[in-house]
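Visitor: My structure is stored as model_14.pdb, with PDB, C-alpha atoms.
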```pdb
ATOM      1  CA  MET A   1       0.000   0.000   0.000
ATOM      2  CA  ILE A   2       1.268   3.458  -0.935
ATOM      3  CA  GLU A   3       2.119   5.592   2.089
ATOM      4  CA  LEU A   4      -0.251   8.546   2.337
ATOM      5  CA  PRO A   5      -0.187  11.575   4.637
ATOM      6  CA  GLN A   6      -1.146  10.980   8.272
ATOM      7  CA  VAL A   7      -1.958  13.545  10.934
ATOM      8  CA  SER A   8      -1.909  12.416  14.563
ATOM      9  CA  PRO A   9      -4.169  14.269  17.018
ATOM     10  CA  ALA A  10      -1.349  13.966  19.549
ATOM     11  CA  ALA A  11       0.885  15.992  17.257
ATOM     12  CA  ASN A  12      -1.828  18.505  16.447
ATOM     13  CA  SER A  13      -4.636  18.793  18.997
ATOM     14  CA  ARG A  14      -6.626  21.191  16.797
ATOM     15  CA  LYS A  15      -8.792  19.841  14.011
ATOM     16  CA  PRO A  16      -7.186  20.143  10.567
ATOM     17  CA  ASP A  17      -8.381  22.891   8.253
ATOM     18  CA  TRP A  18     -10.315  20.440   6.094
ATOM     19  CA  LEU A  19     -12.675  19.707   9.020
ATOM     20  CA  ARG A  20     -13.926  23.258   9.446
ATOM     21  CA  VAL A  21     -17.647  23.780   8.840
ATOM     22  CA  LYS A  22     -19.883  26.806   8.510
ATOM     23  CA  LEU A  23     -22.236  27.794  11.317
ATOM     24  CA  PRO A  24     -25.900  27.007  10.578
ATOM     25  CA  ILE A  25     -27.713  30.116   9.378
ATOM     26  CA  GLY A  26     -30.367  31.182   6.896
ATOM     27  CA  GLU A  27     -34.109  31.100   6.345
ATOM     28  CA  LYS A  28     -34.248  27.444   5.224
ATOM     29  CA  TYR A  29     -32.290  26.343   8.293
ATOM     30  CA  THR A  30     -34.674  28.263  10.559
ATOM     31  CA  ASN A  31     -37.703  26.789   8.797
ATOM     32  CA  VAL A  32     -36.469  23.208   9.164
ATOM     33  CA  ARG A  33     -35.786  23.736  12.867
ATOM     34  CA  LYS A  34     -39.286  25.204  13.313
ATOM     35  CA  ILE A  35     -40.964  22.215  11.644
ATOM     36  CA  VAL A  36     -38.889  19.683  13.600
ATOM     37  CA  ASP A  37     -39.778  21.407  16.881
ATOM     38  CA  GLU A  38     -43.450  21.941  16.011
ATOM     39  CA  TYR A  39     -44.016  18.287  15.127
ATOM     40  CA  LYS A  40     -41.996  17.079  18.130
ATOM     41  CA  LEU A  41     -39.648  15.074  15.958
ATOM     42  CA  HIS A  42     -36.112  13.850  16.551
ATOM     43  CA  THR A  43     -33.298  14.177  14.013
ATOM     44  CA  ILE A  44     -29.950  12.421  13.993
ATOM     45  CA  CYS A  45     -28.594  15.784  12.853
ATOM     46  CA  GLN A  46     -29.159  17.120  16.382
ATOM     47  CA  SER A  47     -28.880  13.954  18.488
ATOM     48  CA  GLY A  48     -25.727  12.816  16.696
ATOM     49  CA  ASN A  49     -24.015  16.236  16.591
ATOM     50  CA  CYS A  50     -23.624  15.974  12.816
ATOM     51  CA  PRO A  51     -21.106  18.495  11.396
ATOM     52  CA  ASN A  52     -23.183  18.891   8.237
ATOM     53  CA  MET A  53     -26.372  20.042   9.956
ATOM     54  CA  GLY A  54     -25.905  23.632   8.843
ATOM     55  CA  GLU A  55     -25.381  22.671   5.205
ATOM     56  CA  CYS A  56     -28.204  20.123   5.018
ATOM     57  CA  TRP A  57     -30.766  22.112   6.996
ATOM     58  CA  GLY A  58     -29.776  25.155   4.989
ATOM     59  CA  GLU A  59     -30.855  23.197   1.912
ATOM     60  CA  GLY A  60     -34.159  22.301   3.536
ATOM     61  CA  THR A  61     -33.373  18.655   4.298
ATOM     62  CA  ALA A  62     -32.952  16.658   7.506
ATOM     63  CA  THR A  63     -32.495  13.042   8.579
ATOM     64  CA  PHE A  64     -35.427  12.062  10.776
ATOM     65  CA  MET A  65     -34.851   9.734  13.717
ATOM     66  CA  ILE A  66     -37.843   7.659  14.752
ATOM     67  CA  LEU A  67     -38.571   5.515  17.827
ATOM     68  CA  GLY A  68     -37.302   8.133  20.255
ATOM     69  CA  ASN A  69     -33.882   9.529  21.052
ATOM     70  CA  VAL A  70     -32.690   7.025  23.679
ATOM     71  CA  CYS A  71     -30.785   4.002  22.394
ATOM     72  CA  THR A  72     -30.448   0.577  24.035
ATOM     73  CA  ARG A  73     -26.874   0.256  22.733
ATOM     74  CA  SER A  74     -23.752   1.828  24.221
ATOM     75  CA  CYS A  75     -21.515   2.288  21.183
ATOM     76  CA  THR A  76     -18.408   4.248  22.119
ATOM     77  CA  PHE A  77     -18.543   6.560  19.093
ATOM     78  CA  CYS A  78     -22.141   7.752  19.269
ATOM     79  CA  ALA A  79     -23.530  10.941  20.817
ATOM     80  CA  VAL A  80     -27.099   9.623  21.064
ATOM     81  CA  ALA A  81     -28.210   9.039  24.664
ATOM     82  CA  THR A  82     -28.010   5.473  25.990
ATOM     83  CA  GLY A  83     -30.549   4.031  28.397
ATOM     84  CA  ARG A  84     -33.958   2.424  28.746
ATOM     85  CA  PRO A  85     -36.311   3.962  26.163
ATOM     86  CA  ASN A  86     -39.828   4.868  27.234
ATOM     87  CA  GLU A  87     -41.060   6.333  23.965
ATOM     88  CA  TYR A  88     -43.240   4.364  21.561
ATOM     89  CA  ASP A  89     -45.471   6.704  19.631
ATOM     90  CA  GLU A  90     -47.860   5.128  17.137
ATOM     91  CA  ASP A  91     -48.698   8.597  15.785
ATOM     92  CA  GLU A  92     -45.066   9.283  14.901
ATOM     93  CA  PRO A  93     -45.315   7.943  11.316
ATOM     94  CA  ARG A  94     -48.040  10.483  10.508
ATOM     95  CA  ARG A  95     -46.069  13.388  11.981
ATOM     96  CA  VAL A  96     -42.931  12.425  10.068
ATOM     97  CA  ALA A  97     -44.907  12.203   6.830
ATOM     98  CA  ASP A  98     -46.577  15.583   7.455
ATOM     99  CA  ALA A  99     -43.232  17.226   8.184
ATOM    100  CA  ILE A 100     -41.685  15.807   5.026
ATOM    101  CA  GLN A 101     -44.621  17.150   3.042
ATOM    102  CA  LEU A 102     -44.306  20.609   4.613
ATOM    103  CA  MET A 103     -40.567  20.691   3.956
ATOM    104  CA  LYS A 104     -41.192  19.641   0.334
ATOM    105  CA  VAL A 105     -38.486  16.991   0.660
ATOM    106  CA  LYS A 106     -37.696  15.209  -2.596
ATOM    107  CA  HIS A 107     -35.525  12.549  -0.963
ATOM    108  CA  ALA A 108     -36.081  11.676   2.689
ATOM    109  CA  VAL A 109     -33.643   9.891   4.978
ATOM    110  CA  ILE A 110     -35.062   8.152   8.040
ATOM    111  CA  THR A 111     -33.080   6.442  10.787
ATOM    112  CA  SER A 112     -33.708   5.240  14.336
ATOM    113  CA  VAL A 113     -32.123   4.319  17.610
ATOM    114  CA  ASN A 114     -31.721   0.631  18.486
ATOM    115  CA  ARG A 115     -34.763  -0.706  20.314
ATOM    116  CA  ASP A 116     -33.492  -4.096  21.467
ATOM    117  CA  GLU A 117     -36.138  -4.284  24.197
ATOM    118  CA  LEU A 118     -38.935  -4.489  21.615
ATOM    119  CA  LYS A 119     -39.786  -7.927  20.273
ATOM    120  CA  ASP A 120     -39.902  -6.624  16.701
ATOM    121  CA  LYS A 121     -36.987  -4.168  17.218
ATOM    122  CA  GLY A 122     -39.357  -1.350  16.212
ATOM    123  CA  ALA A 123     -40.079  -2.850  12.789
ATOM    124  CA  GLU A 124     -43.786  -1.990  12.764
ATOM    125  CA  ILE A 125     -43.150   1.722  13.373
ATOM    126  CA  TRP A 126     -40.525   1.559  10.616
ATOM    127  CA  TYR A 127     -43.021   0.035   8.178
ATOM    128  CA  GLN A 128     -45.811   2.450   9.077
ATOM    129  CA  THR A 129     -43.498   5.463   8.725
ATOM    130  CA  VAL A 130     -42.381   4.506   5.227
ATOM    131  CA  ARG A 131     -45.971   3.790   4.185
ATOM    132  CA  ALA A 132     -47.189   7.106   5.625
ATOM    133  CA  VAL A 133     -44.549   9.058   3.677
ATOM    134  CA  LYS A 134     -45.323   7.187   0.461
ATOM    135  CA  GLU A 135     -49.059   7.827   0.852
ATOM    136  CA  THR A 136     -48.644  11.513   1.745
ATOM    137  CA  THR A 137     -45.969  12.399  -0.822
ATOM    138  CA  PRO A 138     -45.767   9.564  -3.386
ATOM    139  CA  ALA A 139     -43.033  11.333  -5.375
ATOM    140  CA  THR A 140     -40.655  11.461  -2.390
ATOM    141  CA  THR A 141     -37.934   8.831  -2.518
ATOM    142  CA  ILE A 142     -36.792   7.320   0.770
ATOM    143  CA  GLU A 143     -33.613   5.963   2.293
ATOM    144  CA  THR A 144     -33.969   4.104   5.588
ATOM    145  CA  LEU A 145     -30.859   3.770   7.753
ATOM    146  CA  ILE A 146     -31.884   0.812   9.893
ATOM    147  CA  PRO A 147     -30.316  -0.619  13.061
ATOM    148  CA  ASP A 148     -28.955  -4.079  13.771
ATOM    149  CA  VAL A 149     -31.926  -6.444  14.199
ATOM    150  CA  LYS A 150     -29.851  -9.043  16.097
ATOM    151  CA  ALA A 151     -30.632 -11.693  13.478
ATOM    152  CA  ASN A 152     -34.404 -11.186  13.785
ATOM    153  CA  TRP A 153     -34.852 -11.602  10.049
ATOM    154  CA  ASP A 154     -38.658 -11.313  10.200
ATOM    155  CA  ALA A 155     -38.169  -7.862  11.733
ATOM    156  CA  LEU A 156     -35.722  -6.984   8.960
ATOM    157  CA  ILE A 157     -38.234  -7.865   6.245
ATOM    158  CA  ARG A 158     -40.919  -5.763   7.920
ATOM    159  CA  MET A 159     -38.528  -2.811   8.140
ATOM    160  CA  ILE A 160     -37.669  -2.902   4.451
ATOM    161  CA  GLU A 161     -40.906  -3.937   2.737
ATOM    162  CA  GLY A 162     -42.661  -0.571   2.993
ATOM    163  CA  GLY A 163     -41.463   0.709  -0.372
ATOM    164  CA  GLN A 164     -38.278   2.643   0.353
ATOM    165  CA  GLU A 165     -35.770   2.925  -2.482
ATOM    166  CA  VAL A 166     -32.565   2.520  -0.446
ATOM    167  CA  VAL A 167     -31.863   0.513   2.717
ATOM    168  CA  SER A 168     -28.747   1.396   4.678
ATOM    169  CA  HIS A 169     -27.086  -0.360   7.605
ATOM    170  CA  ASN A 170     -23.762   0.976   8.837
ATOM    171  CA  MET A 171     -20.822  -1.289   9.593
ATOM    172  CA  GLU A 172     -19.239   1.737  11.363
ATOM    173  CA  THR A 173     -15.720   0.264  11.653
ATOM    174  CA  VAL A 174     -13.445  -2.643  10.755
ATOM    175  CA  GLU A 175     -13.856  -6.104  12.262
ATOM    176  CA  ARG A 176     -10.989  -5.891  14.784
ATOM    177  CA  LEU A 177     -12.417  -2.764  16.437
ATOM    178  CA  TYR A 178     -15.981  -4.003  16.914
ATOM    179  CA  ARG A 179     -15.444  -5.032  20.548
ATOM    180  CA  TYR A 180     -14.305  -1.472  21.337
ATOM    181  CA  VAL A 181     -16.567   0.545  19.065
ATOM    182  CA  ARG A 182     -19.754  -1.554  18.762
ATOM    183  CA  PRO A 183     -19.600  -3.920  21.770
ATOM    184  CA  GLN A 184     -23.211  -5.113  21.393
ATOM    185  CA  ALA A 185     -22.945  -5.729  17.661
ATOM    186  CA  LYS A 186     -21.258  -8.391  15.550
ATOM    187  CA  TYR A 187     -19.345  -7.738  12.352
ATOM    188  CA  VAL A 188     -20.495 -10.955  10.666
ATOM    189  CA  ARG A 189     -24.111 -10.371  11.697
ATOM    190  CA  SER A 190     -24.147  -6.898  10.150
ATOM    191  CA  LEU A 191     -22.720  -8.341   6.932
ATOM    192  CA  GLU A 192     -25.490 -10.944   6.969
ATOM    193  CA  GLN A 193     -28.091  -8.200   7.369
ATOM    194  CA  ILE A 194     -26.668  -6.387   4.349
ATOM    195  CA  LYS A 195     -26.675  -9.610   2.344
ATOM    196  CA  ARG A 196     -30.301 -10.387   3.186
ATOM    197  CA  THR A 197     -31.334  -6.840   2.304
ATOM    198  CA  LYS A 198     -29.767  -7.277  -1.122
ATOM    199  CA  GLU A 199     -31.432 -10.655  -1.585
ATOM    200  CA  PHE A 200     -34.777  -8.977  -0.850
ATOM    201  CA  GLY A 201     -34.105  -6.801  -3.895
ATOM    202  CA  LYS A 202     -33.193  -3.498  -2.259
ATOM    203  CA  ARG A 203     -30.416  -1.119  -3.215
ATOM    204  CA  ASN A 204     -28.281  -1.232  -0.111
ATOM    205  CA  LYS A 205     -25.770   1.025   1.509
ATOM    206  CA  SER A 206     -23.353   1.116   4.438
ATOM    207  CA  GLY A 207     -20.921   3.478   6.139
ATOM    208  CA  ILE A 208     -17.554   3.264   7.870
ATOM    209  CA  MET A 209     -15.898   5.850  10.125
ATOM    210  CA  LEU A 210     -12.136   6.332   9.835
ATOM    211  CA  GLY A 211      -9.662   7.534  12.430
ATOM    212  CA  LEU A 212     -10.566   5.024  15.146
ATOM    213  CA  GLY A 213      -7.280   3.146  14.877
ATOM    214  CA  GLU A 214      -7.947   0.994  11.827
ATOM    215  CA  THR A 215      -5.243   0.199   9.269
ATOM    216  CA  GLN A 216      -5.530   0.714   5.533
ATOM    217  CA  ASP A 217      -5.451  -3.048   4.966
ATOM    218  CA  GLU A 218      -8.355  -3.474   7.391
ATOM    219  CA  VAL A 219     -10.436  -0.858   5.577
ATOM    220  CA  LEU A 220      -9.799  -2.564   2.240
ATOM    221  CA  LYS A 221     -10.701  -5.938   3.764
ATOM    222  CA  ALA A 222     -13.983  -4.455   4.997
ATOM    223  CA  MET A 223     -14.654  -3.195   1.474
ATOM    224  CA  ASP A 224     -14.025  -6.693   0.091
ATOM    225  CA  ASP A 225     -16.412  -8.198   2.655
ATOM    226  CA  LEU A 226     -19.111  -5.665   1.809
ATOM    227  CA  VAL A 227     -18.781  -6.244  -1.941
ATOM    228  CA  GLU A 228     -18.942 -10.003  -1.362
ATOM    229  CA  ASN A 229     -22.226  -9.505   0.498
ATOM    230  CA  GLY A 230     -23.783  -7.414  -2.258
ATOM    231  CA  LEU A 231     -23.272  -3.819  -1.145
ATOM    232  CA  ASP A 232     -24.070  -1.071  -3.657
ATOM    233  CA  VAL A 233     -23.129   2.207  -1.921
ATOM    234  CA  LEU A 234     -20.442   2.953   0.677
ATOM    235  CA  THR A 235     -19.783   6.136   2.653
ATOM    236  CA  LEU A 236     -16.471   6.856   4.375
ATOM    237  CA  GLY A 237     -15.964   9.764   6.770
ATOM    238  CA  GLN A 238     -13.763  11.058   9.565
ATOM    239  CA  TYR A 239     -14.729  10.012  13.090
ATOM    240  CA  LEU A 240     -15.195  12.991  15.398
ATOM    241  CA  GLN A 241     -15.223  12.466  19.170
ATOM    242  CA  PRO A 242     -18.582  13.745  20.557
ATOM    243  CA  THR A 243     -17.343  14.116  24.154
ATOM    244  CA  LYS A 244     -14.293  13.184  26.225
ATOM    245  CA  MET A 245     -16.240  10.135  27.425
ATOM    246  CA  HIS A 246     -16.310   8.668  23.918
ATOM    247  CA  HIS A 247     -13.678   6.838  21.875
ATOM    248  CA  GLU A 248     -10.754   9.136  21.138
ATOM    249  CA  VAL A 249      -9.685  10.148  17.648
ATOM    250  CA  ILE A 250      -6.569   8.141  16.838
ATOM    251  CA  GLU A 251      -5.848   9.785  13.489
ATOM    252  CA  TRP A 252      -7.011  12.651  11.303
ATOM    253  CA  ILE A 253      -7.440  11.068   7.881
ATOM    254  CA  HIS A 254      -5.945  13.182   5.097
ATOM    255  CA  PRO A 255      -8.123  14.086   2.073
ATOM    256  CA  ASP A 256      -5.686  12.228  -0.198
ATOM    257  CA  THR A 257      -6.365   9.047   1.767
ATOM    258  CA  PHE A 258     -10.114   9.501   1.391
ATOM    259  CA  ALA A 259      -9.599   9.928  -2.366
ATOM    260  CA  MET A 260      -7.578   6.715  -2.440
ATOM    261  CA  TYR A 261     -10.313   4.788  -0.637
ATOM    262  CA  LYS A 262     -12.923   6.033  -3.099
ATOM    263  CA  GLU A 263     -10.814   4.793  -6.005
ATOM    264  CA  GLU A 264     -10.244   1.443  -4.303
ATOM    265  CA  GLY A 265     -13.941   1.006  -3.583
ATOM    266  CA  LEU A 266     -14.933   1.659  -7.175
ATOM    267  CA  LYS A 267     -12.240  -0.741  -8.372
ATOM    268  CA  ARG A 268     -13.796  -3.438  -6.199
ATOM    269  CA  GLY A 269     -17.166  -3.045  -7.868
ATOM    270  CA  LEU A 270     -19.093  -0.701  -5.589
ATOM    271  CA  ALA A 271     -21.631   1.321  -7.590
ATOM    272  CA  TYR A 272     -21.031   4.523  -5.610
ATOM    273  CA  VAL A 273     -18.521   5.643  -2.990
ATOM    274  CA  GLU A 274     -18.884   8.874  -1.007
ATOM    275  CA  SER A 275     -15.522   9.429   0.691
ATOM    276  CA  GLY A 276     -14.392  12.541   2.556
ATOM    277  CA  ALA A 277     -13.652  13.933   5.983
ATOM    278  CA  LEU A 278     -17.122  15.411   6.557
ATOM    279  CA  VAL A 279     -19.058  12.633   4.855
ATOM    280  CA  ARG A 280     -21.793  11.055   6.975
ATOM    281  CA  SER A 281     -24.327   8.332   6.133
ATOM    282  CA  SER A 282     -26.982  10.715   4.841
ATOM    283  CA  TYR A 283     -24.619  13.211   3.197
ATOM    284  CA  HIS A 284     -25.601  13.666  -0.470
ATOM    285  CA  ALA A 285     -28.014  10.747   0.030
ATOM    286  CA  GLU A 286     -30.111  11.877  -2.924
ATOM    287  CA  LYS A 287     -27.232  10.796  -5.178
ATOM    288  CA  HIS A 288     -27.243   7.240  -3.852
ATOM    289  CA  ILE A 289     -30.544   6.069  -5.335
TER     290      ILE A 289
END
```
Can you present the structure in this file as structure tokens?
Guide:
Amino acid sequence: MIELPQVSPAANSRKPDWLRVKLPIGEKYTNVRKIVDEYKLHTICQSGNCPNMGECWGEGTATFMILGNVCTRSCTFCAVATGRPNEYDEDEPRRVADAIQLMKVKHAVITSVNRDELKDKGAEIWYQTVRAVKETTPATTIETLIPDVKANWDALIRMIEGGQEVVSHNMETVERLYRYVRPQAKYVRSLEQIKRTKEFGKRNKSGIMLGLGETQDEVLKAMDDLVENGLDVLTLGQYLQPTKMHHEVIEWIHPDTFAMYKEEGLKRGLAYVESGALVRSSYHAEKHI
């Protein structure tokens, strides 16, 4: 593997220039925030401290997070609150659909927390949300970023049979780091979920964060595994530490390295690769259909 630039946080505690983002401003941003608040909705943009919130909300788009904002998992990279959820709102699908209609969203991205305590992992709310959006705004295309169903394949089918165009499930990191980054998940199980989604006939997508301590060979191996299991679209972005309690940033990945990974992914047969420091799962999602 060709040696590419590396920037260690230890050597430079400040974020590199390529990670600077604009503050959220503008009429569209204000309007999106108003709708989200009015309809009592959650967004991963807010709960996950996404660096692209200003850009996306400024364009009138947002990634909706259903099934509450408390997750049953304790992943070390994620800013979403961990605990015992008490929110299960059967009216949520309607409110999400109404908000998407008001925002005039052409391509909607919907995600959720993990709800391991529910027998169906939240699948019915997933299905009803997709159906509600399709019935309210039939022209709106949908990507659903779904959680790990812990091999409950009936729940998986219910989550993805509502009519969405793209189904995403993030691997998040390379296999070796799962025990540190996703302690309640399994690398092989997530690959199986991606495979079954493809077999169901859906365009599928996944994402990996870089800078957690992975090697280039491990990233390329993950790409090979994803291609082998039928992945269509891959996103690669820089991991950013939400708080000091979360996994530390081991490395700032240089833009040249992101460019290399995009080239390698396309060489391996992926249909689309979004690779860059500020890339997140839903970034430029409208291009991934």
Visitor: Using the chain letters and numbers from the file, which residues does the PyMOL selection byres ((chain A and resi 216) around 12) grab, as a tab-separated table (two decimals) with C-alpha atoms, in the coordinates of the input?
Guide:
```
chain	number	residue	atom	x	y	z
A	1	MET	CA	0.00	0.00	0.00
A	2	ILE	CA	1.27	3.46	-0.94
A	3	GLU	CA	2.12	5.59	2.09
A	4	LEU	CA	-0.25	8.55	2.34
A	6	GLN	CA	-1.15	10.98	8.27
A	173	THR	CA	-15.72	0.26	11.65
A	174	VAL	CA	-13.44	-2.64	10.76
A	210	LEU	CA	-12.14	6.33	9.84
A	211	GLY	CA	-9.66	7.53	12.43
A	212	LEU	CA	-10.57	5.02	15.15
A	213	GLY	CA	-7.28	3.15	14.88
A	214	GLU	CA	-7.95	0.99	11.83
A	215	THR	CA	-5.24	0.20	9.27
A	217	ASP	CA	-5.45	-3.05	4.97
A	218	GLU	CA	-8.36	-3.47	7.39
A	219	VAL	CA	-10.44	-0.86	5.58
A	220	LEU	CA	-9.80	-2.56	2.24
A	221	LYS	CA	-10.70	-5.94	3.76
A	222	ALA	CA	-13.98	-4.46	5.00
A	223	MET	CA	-14.65	-3.20	1.47
A	253	ILE	CA	-7.44	11.07	7.88
A	257	THR	CA	-6.36	9.05	1.77
A	258	PHE	CA	-10.11	9.50	1.39
A	260	MET	CA	-7.58	6.72	-2.44
A	261	TYR	CA	-10.31	4.79	-0.64
A	264	GLU	CA	-10.24	1.44	-4.30
```
Visitor: What does the structure give for the distance between CA of Met65 in chain A and CA of Tyr180 in chain A, in Å to one decimal?
Guide: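 Separating CA of Met65 in chain A from CA of Tyr180 in chain A is a distance of 24.6 Å.
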Visitor: Give me, please, the distance in Å between CA of Glu263 in chain A and CA of Ile208 in chain A, quoted to one decimal.
Guide: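 Here the two named atoms are 15.5 Å from each other.
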Visitor: Applied to this file, what does the PyMOL selection byres ((chain A and resi 148-154) around 10) return in terms of residues, put as a list in words?
Guide: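 Given this file, the PyMOL selection byres ((chain A and resi 148-154) around 10) evaluates to Val113, Asn114, Arg115, Asp116, Lys119, Asp120, Lys121, Gly122, Ala123, Ile146, Pro147, Ala155, Leu156, Ile157, Arg158, Met159, His169, Asn170, Met171, Gln184, Ala185, Lys186, Arg189, Ser190, Glu192, Gln193, Ile194, Arg196 and Thr197 of chain A.
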Visitor: Quick check on the file I pasted: which residues fall under the PyMOL selection byres ((chain A and resi 270) around 9)? Write them as a list in words.
Guide: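 This file, filtered by the PyMOL selection byres ((chain A and resi 270) around 9), leaves Met223, Leu226, Val227, Gly230, Leu231, Asp232, Val233, Leu234, Gly265, Leu266, Lys267, Arg268, Gly269, Ala271, Tyr272 and Val273 of chain A.
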Visitor: Export C-alpha atoms of the chosen residues as a PDB file, in the frame of the given file?
Guide:
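After the write, part-v2.pdb holds the following:
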```pdb
ATOM      1  CA  MET A 223     -14.654  -3.195   1.474  1.00  0.00           C
ATOM      2  CA  LEU A 226     -19.111  -5.665   1.809  1.00  0.00           C
ATOM      3  CA  VAL A 227     -18.781  -6.244  -1.941  1.00  0.00           C
ATOM      4  CA  GLY A 230     -23.783  -7.414  -2.258  1.00  0.00           C
ATOM      5  CA  LEU A 231     -23.272  -3.819  -1.145  1.00  0.00           C
ATOM      6  CA  ASP A 232     -24.070  -1.071  -3.657  1.00  0.00           C
ATOM      7  CA  VAL A 233     -23.129   2.207  -1.921  1.00  0.00           C
ATOM      8  CA  LEU A 234     -20.442   2.953   0.677  1.00  0.00           C
ATOM      9  CA  GLY A 265     -13.941   1.006  -3.583  1.00  0.00           C
ATOM     10  CA  LEU A 266     -14.933   1.659  -7.175  1.00  0.00           C
ATOM     11  CA  LYS A 267     -12.240  -0.741  -8.372  1.00  0.00           C
ATOM     12  CA  ARG A 268     -13.796  -3.438  -6.199  1.00  0.00           C
ATOM     13  CA  GLY A 269     -17.166  -3.045  -7.868  1.00  0.00           C
ATOM     14  CA  ALA A 271     -21.631   1.321  -7.590  1.00  0.00           C
ATOM     15  CA  TYR A 272     -21.031   4.523  -5.610  1.00  0.00           C
ATOM     16  CA  VAL A 273     -18.521   5.643  -2.990  1.00  0.00           C
TER      17      VAL A 273
END
```
Visitor: State, in Å with one decimal place, the distance from CA of Glu172 in chain A to CA of Ala108 in chain A.
Guide: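 Distance between the two atoms: 21.4 Å.
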Visitor: Using all atoms listed in the file for the distances, tell me which of A:Arg73, A:Arg94, A:Lys195, A:His288 is nearest to Thr129 in chain A.
Guide: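 Looking at the shortest contact to Thr129 in chain A, the residue is A:Arg94.
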Visitor: I'd like the contact shell of Ile110 in chain A - 7 Å cut-off, all atoms listed in the file, skipping same-chain residues fewer than 5 positions apart - returned as a list in words.
Guide: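 Final neighbour list, sorted by chain and number: Thr63, Phe64, Met65, Glu143, Thr144 and Leu145 of chain A.
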